[in-house]
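Student: Got a structure for you, final34.csv, holding CSV, C-alpha atoms.
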```csv
chain,number,residue,atom,x,y,z
A,814,MET,CA,92.0,122.9,92.6
A,815,GLY,CA,91.3,125.7,95.0
A,816,THR,CA,87.6,126.6,94.4
A,817,PHE,CA,87.5,127.8,98.0
A,818,GLU,CA,90.3,130.2,98.6
A,819,LEU,CA,89.4,131.0,102.2
A,820,SER,CA,87.4,129.2,104.8
A,821,ILE,CA,83.7,130.0,104.6
A,822,THR,CA,80.7,129.0,106.7
A,823,ASN,CA,78.8,125.8,105.9
A,824,GLU,CA,75.7,127.9,105.1
A,825,LYS,CA,77.6,130.0,102.5
A,826,ALA,CA,79.1,126.9,101.0
A,827,LEU,CA,75.6,125.4,100.7
A,828,ASP,CA,74.3,128.6,99.1
A,829,TRP,CA,77.2,128.5,96.6
A,830,PHE,CA,76.7,124.8,95.9
A,831,ARG,CA,73.0,125.4,95.0
A,832,THR,CA,74.2,127.7,92.1
A,833,LEU,CA,76.2,124.9,90.4
A,834,GLU,CA,75.1,122.8,87.5
A,835,PRO,CA,73.9,119.2,87.9
A,836,VAL,CA,76.0,116.3,86.7
A,837,ASP,CA,75.1,113.1,84.8
A,838,THR,CA,76.4,109.9,86.3
A,839,ALA,CA,78.2,109.0,83.1
A,840,GLU,CA,80.4,112.2,83.6
A,841,MET,CA,81.7,110.8,86.9
A,842,ILE,CA,83.2,107.6,85.5
A,843,GLY,CA,87.0,107.6,86.1
A,844,ARG,CA,89.5,108.4,88.8
A,845,TRP,CA,89.3,111.7,90.6
A,846,ARG,CA,91.7,113.6,92.9
A,847,GLY,CA,89.9,115.2,95.8
A,848,SER,CA,90.4,118.1,98.1
A,849,GLY,CA,88.3,119.3,101.0
A,850,CYS,CA,86.7,122.8,100.8
A,851,PRO,CA,87.0,124.6,104.2
A,852,SER,CA,83.5,125.2,105.4
A,853,GLY,CA,83.7,124.6,109.2
A,854,HIS,CA,82.7,120.9,109.0
A,855,PRO,CA,84.3,118.7,111.7
A,856,LEU,CA,86.0,116.5,109.1
A,857,GLY,CA,87.7,119.6,107.5
A,858,GLY,CA,91.4,118.8,107.0
A,859,VAL,CA,91.2,115.2,108.3
A,860,LEU,CA,91.1,113.4,104.9
A,861,GLU,CA,93.9,115.5,103.5
A,862,ASN,CA,96.1,114.9,106.5
A,863,LEU,CA,95.7,111.2,106.2
A,864,GLY,CA,96.7,111.1,102.6
A,865,TRP,CA,93.3,111.1,100.8
A,866,PHE,CA,93.7,110.8,97.1
A,867,GLY,CA,90.0,110.9,96.0
A,868,LYS,CA,87.4,108.6,94.5
A,869,CYS,CA,87.1,106.2,91.5
A,870,PHE,CA,83.8,105.5,89.7
A,871,HIS,CA,83.6,102.4,87.5
A,872,GLN,CA,81.7,101.8,84.3
A,873,ASN,CA,79.2,99.5,86.2
A,874,LEU,CA,78.4,102.5,88.4
A,875,ARG,CA,80.1,101.0,91.4
A,876,ALA,CA,82.6,103.2,93.3
A,877,ASP,CA,85.7,103.2,95.5
A,878,ALA,CA,84.5,105.8,97.9
A,879,LEU,CA,87.8,106.4,99.7
A,880,LEU,CA,91.2,106.2,97.8
A,881,PHE,CA,94.3,107.0,99.8
A,882,GLU,CA,97.9,107.3,98.6
A,883,LYS,CA,99.8,104.3,100.1
A,884,ALA,CA,103.0,105.4,98.4
A,885,PRO,CA,103.9,107.6,95.4
A,886,ARG,CA,101.7,106.4,92.4
A,887,LYS,CA,100.2,103.6,94.6
A,888,LEU,CA,96.6,103.9,95.8
A,889,ILE,CA,94.6,101.8,98.3
A,890,ALA,CA,90.9,101.7,98.5
A,891,ILE,CA,89.7,101.9,102.2
A,892,ASP,CA,86.3,100.6,103.3
A,893,PRO,CA,84.4,103.5,104.9
A,894,ALA,CA,82.5,101.0,107.1
A,895,TYR,CA,85.5,100.8,109.4
A,896,PHE,CA,84.8,104.4,110.4
A,897,PRO,CA,81.4,104.8,112.0
A,898,ILE,CA,80.6,108.3,111.0
A,899,ARG,CA,79.3,109.7,114.3
A,900,TRP,CA,82.2,108.2,116.1
A,901,THR,CA,84.5,109.7,113.5
A,902,PHE,CA,83.3,113.2,114.4
A,903,GLY,CA,84.4,112.8,118.0
A,904,PHE,CA,87.9,111.9,116.9
A,905,ALA,CA,88.2,114.3,114.0
A,906,SER,CA,90.7,116.6,115.8
A,907,ILE,CA,93.1,113.7,116.2
A,908,GLY,CA,92.8,113.0,112.4
A,909,ARG,CA,94.4,116.4,111.8
A,910,LYS,CA,97.5,115.7,113.9
A,911,ALA,CA,100.9,114.8,112.4
A,912,PHE,CA,101.1,111.6,114.4
A,913,ALA,CA,97.8,110.4,112.7
A,914,ARG,CA,99.3,111.0,109.3
A,915,SER,CA,102.4,109.0,110.3
A,916,LEU,CA,100.3,106.2,111.8
A,917,PHE,CA,97.6,105.9,109.1
A,918,PRO,CA,99.8,104.2,106.4
A,919,HIS,CA,100.6,101.4,108.8
A,920,ILE,CA,97.0,100.6,109.5
A,921,THR,CA,95.6,101.0,106.0
A,922,PRO,CA,96.3,97.4,105.0
A,923,HIS,CA,93.8,96.4,107.7
A,924,LEU,CA,91.2,98.9,106.5
A,925,ARG,CA,91.5,97.9,102.8
A,926,ALA,CA,88.2,97.5,100.9
A,927,ARG,CA,87.5,94.0,99.6
A,928,GLY,CA,85.6,95.4,96.7
A,929,THR,CA,83.8,98.6,95.8
A,930,THR,CA,82.1,100.4,98.7
A,931,ALA,CA,79.4,102.6,97.1
A,932,PHE,CA,77.4,103.1,93.9
A,933,LEU,CA,76.5,106.0,91.6
A,934,GLN,CA,72.9,107.0,90.8
A,935,SER,CA,70.9,110.0,89.9
A,936,ARG,CA,69.3,111.7,92.8
A,937,MET,CA,67.1,114.7,93.5
A,938,ASP,CA,69.0,117.5,95.3
A,939,ASP,CA,67.4,120.9,95.8
A,940,GLU,CA,64.9,120.3,93.0
A,941,LEU,CA,67.6,119.2,90.5
A,942,ILE,CA,68.5,115.7,89.4
A,943,THR,CA,72.2,115.1,89.7
A,944,ALA,CA,74.8,112.4,90.1
A,945,ALA,CA,75.2,111.0,93.6
A,946,MET,CA,77.3,108.4,95.3
A,947,VAL,CA,75.5,106.3,97.9
A,948,TYR,CA,77.7,104.5,100.4
A,949,ASP,CA,77.0,100.8,100.9
A,950,ARG,CA,77.4,100.6,104.7
A,951,GLN,CA,77.2,104.2,105.9
A,952,PRO,CA,74.3,106.6,106.1
A,953,ILE,CA,76.1,108.9,103.7
A,954,VAL,CA,75.3,110.2,100.2
A,955,ASP,CA,77.7,112.4,98.2
A,956,VAL,CA,75.9,114.7,95.8
A,957,PHE,CA,77.8,116.2,92.8
A,958,ARG,CA,77.6,119.4,90.9
A,959,ARG,CA,79.9,121.0,88.3
A,960,SER,CA,81.9,124.1,89.2
A,961,LYS,CA,82.4,126.9,86.7
A,962,HIS,CA,86.1,125.8,86.5
A,963,GLY,CA,85.2,122.3,85.4
A,964,GLN,CA,85.8,120.4,88.6
A,965,MET,CA,83.1,118.4,90.3
A,966,ILE,CA,82.0,119.7,93.7
A,967,GLY,CA,80.7,117.2,96.2
A,968,LYS,CA,78.4,117.7,99.1
A,969,MET,CA,78.5,114.9,101.7
A,970,ILE,CA,75.1,114.4,103.3
A,971,ILE,CA,75.1,112.4,106.5
A,972,GLU,CA,71.7,111.2,107.6
A,973,GLY,CA,70.5,113.1,110.6
A,974,ASP,CA,73.2,115.8,110.5
A,975,PRO,CA,72.4,119.3,109.1
A,976,ARG,CA,76.1,120.1,108.3
A,977,HIS,CA,77.6,119.2,105.0
A,978,TYR,CA,81.2,118.4,104.1
A,979,PHE,CA,82.2,119.9,100.8
A,980,PHE,CA,85.0,118.8,98.5
A,981,GLU,CA,86.1,119.2,95.0
A,982,LEU,CA,87.2,116.5,92.5
A,983,ALA,CA,89.5,116.9,89.5
A,984,LYS,CA,89.6,114.2,86.9
A,985,VAL,CA,92.9,112.3,86.7
A,986,GLU,CA,93.9,111.6,83.1
A,987,GLY,CA,96.0,108.6,82.3
A,988,LEU,CA,94.4,106.2,84.7
A,989,SER,CA,96.8,103.4,84.1
A,990,SER,CA,99.6,105.6,85.6
A,991,LEU,CA,98.1,105.2,89.1
A,992,MET,CA,98.0,101.7,90.4
A,993,THR,CA,95.4,100.6,93.0
A,994,SER,CA,96.9,98.3,95.6
A,995,SER,CA,95.2,95.1,96.4
```
Could you show the structure in this file as structure tokens?
Tutor:
Amino acid sequence: MGTFELSITNEKALDWFRTLEPVDTAEMIGRWRGSGCPSGHPLGGVLENLGWFGKCFHQNLRADALLFEKAPRKLIAIDPAYFPIRWTFGFASIGRKAFARSLFPHITPHLRARGTTAFLQSRMDDELITAAMVYDRQPIVDVFRRSKHGQMIGKMIIEGDPRHYFFELAKVEGLSSLMTSS
């Protein structure tokens, strides 16, 4: 992936995001590998350290908002409701530590989603209609745009927080080769 080669400010990332093309919800269907874009957000590096794989969008427009690698070629969907977002900010530095990466696979069975945890819809974002993923039980919306390199770029909007977490998604072909754990 690598759209952001170096860390940039949240403001510059937002300016860049605004130049990208909108996305139709149908284009999001499938499994996507994610990677954070360094932009000074408190969650920067946390998801990757914990083994974040990405997201999966289903034909019925429901979504697995957080997929993690449980083992090679085995994914587990985590319910974001287990992580109150404002509480998560306070502990983000711990999420970047090596011990957190070692501990996280042992607790993921207790955090497993019992179904999908978000839904796709078209939303207005900076005067453009584009695909967005709305979390079921968090005050979070991920808005998507297409990069010039073909990846999808996400902007996580947290209600009441002016900062945005940016990430990129690359479509994973051969969906059957990656198993989602139940």
Student: Work out how far apart CA of Arg959 (chain A) and CA of Gly847 (chain A) are and give it in Å to one decimal.
Tutor: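 Calculated distance between CA of Arg959 (chain A) and CA of Gly847 (chain A) is 13.8 Å.
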Student: Leaving out region 821-838 of chain A and any residue of its chain fewer than 4 positions from it, which residues lie within 12 Å of it when counting only C-alpha atoms, given as an MDAnalysis selection string?
Tutor: chainID A and resid 816:817 842:843 849:855 857 870:876 932:946 956:970 975:981
Student: I need the residue nearest Thr930 (chain A) from this list: A:Glu986, A:Asp955, A:Glu972, A:Asp877. Use all atoms listed in the file for the distance.
Tutor: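 With all atoms listed in the file as the atom set, the closest residue is A:Asp877.
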Student: Quick one: residues within 9 Å of (87.5, 112.4, 94.9) (file frame), counting only C-alpha atoms, please, as a ChimeraX atom specification.
Tutor: /A:844-848,865-869,878-880,965,967,980-984
Student: Can you tell me how far CA of Thr901 (chain A) sits from CA of Glu882 (chain A), in Å to one decimal?
Tutor: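 Computed distance, CA of Thr901 (chain A) to CA of Glu882 (chain A), equals 20.2 Å.
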Student: Show me the residues close to (87.9, 102.9, 104.3) - anything with an atom within 9 Å, counting only C-alpha atoms - and format the list as number ranges by chain.
Tutor: A: 878-881, 890-896, 921, 924-926, 930
Student: What is the CA of Ile920 (chain A) to CA of Gly864 (chain A) distance in Å?
Tutor: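 Result for CA of Ile920 (chain A) versus CA of Gly864 (chain A): 12.6 Å, one decimal.
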Student: Here is a test: counting all atoms listed in the file, which residue of A:Ile971, A:Leu863, A:Val985, A:Met841 is nearest to Arg909 (chain A)?
Tutor: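 Counting all atoms listed in the file, the residue closest to Arg909 (chain A) is A:Leu863.
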Student: Calculated over all atoms listed in the file, which of the candidates A:Gly928, A:Gly973, A:Pro918, A:Gly908 has the smallest distance to Pro952 (chain A)?
Tutor: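 Using all atoms listed in the file, Pro952 (chain A) sits closest to A:Gly973.
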Student: Find the residue from A:Ala839, A:Thr929, A:Val859, A:Pro885 that sits nearest to Ser906 (chain A); use only C-alpha atoms when measuring.
Tutor: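 Nearest candidate to Ser906 (chain A) out of A:Ala839, A:Thr929, A:Val859, A:Pro885: A:Val859.
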Student: Could you work out an axis-aligned box for region 914-924 of chain A, taking every atom the file lists and adding 3 Å on each side, and report centre and edge lengths in Å to one decimal, as AutoDock Vina command-line options?
Tutor:
```
--center_x 96.8 --center_y 103.7 --center_z 108.4 --size_x 17.2 --size_y 20.6 --size_z 12.8
```
Student: Check the smallest atom-to-atom distance from each of A:Leu860, A:Ile898, A:Ile907, A:Leu916 to Gln951 (chain A) using all atoms listed in the file, then report the winner.
Tutor: A:Ile898
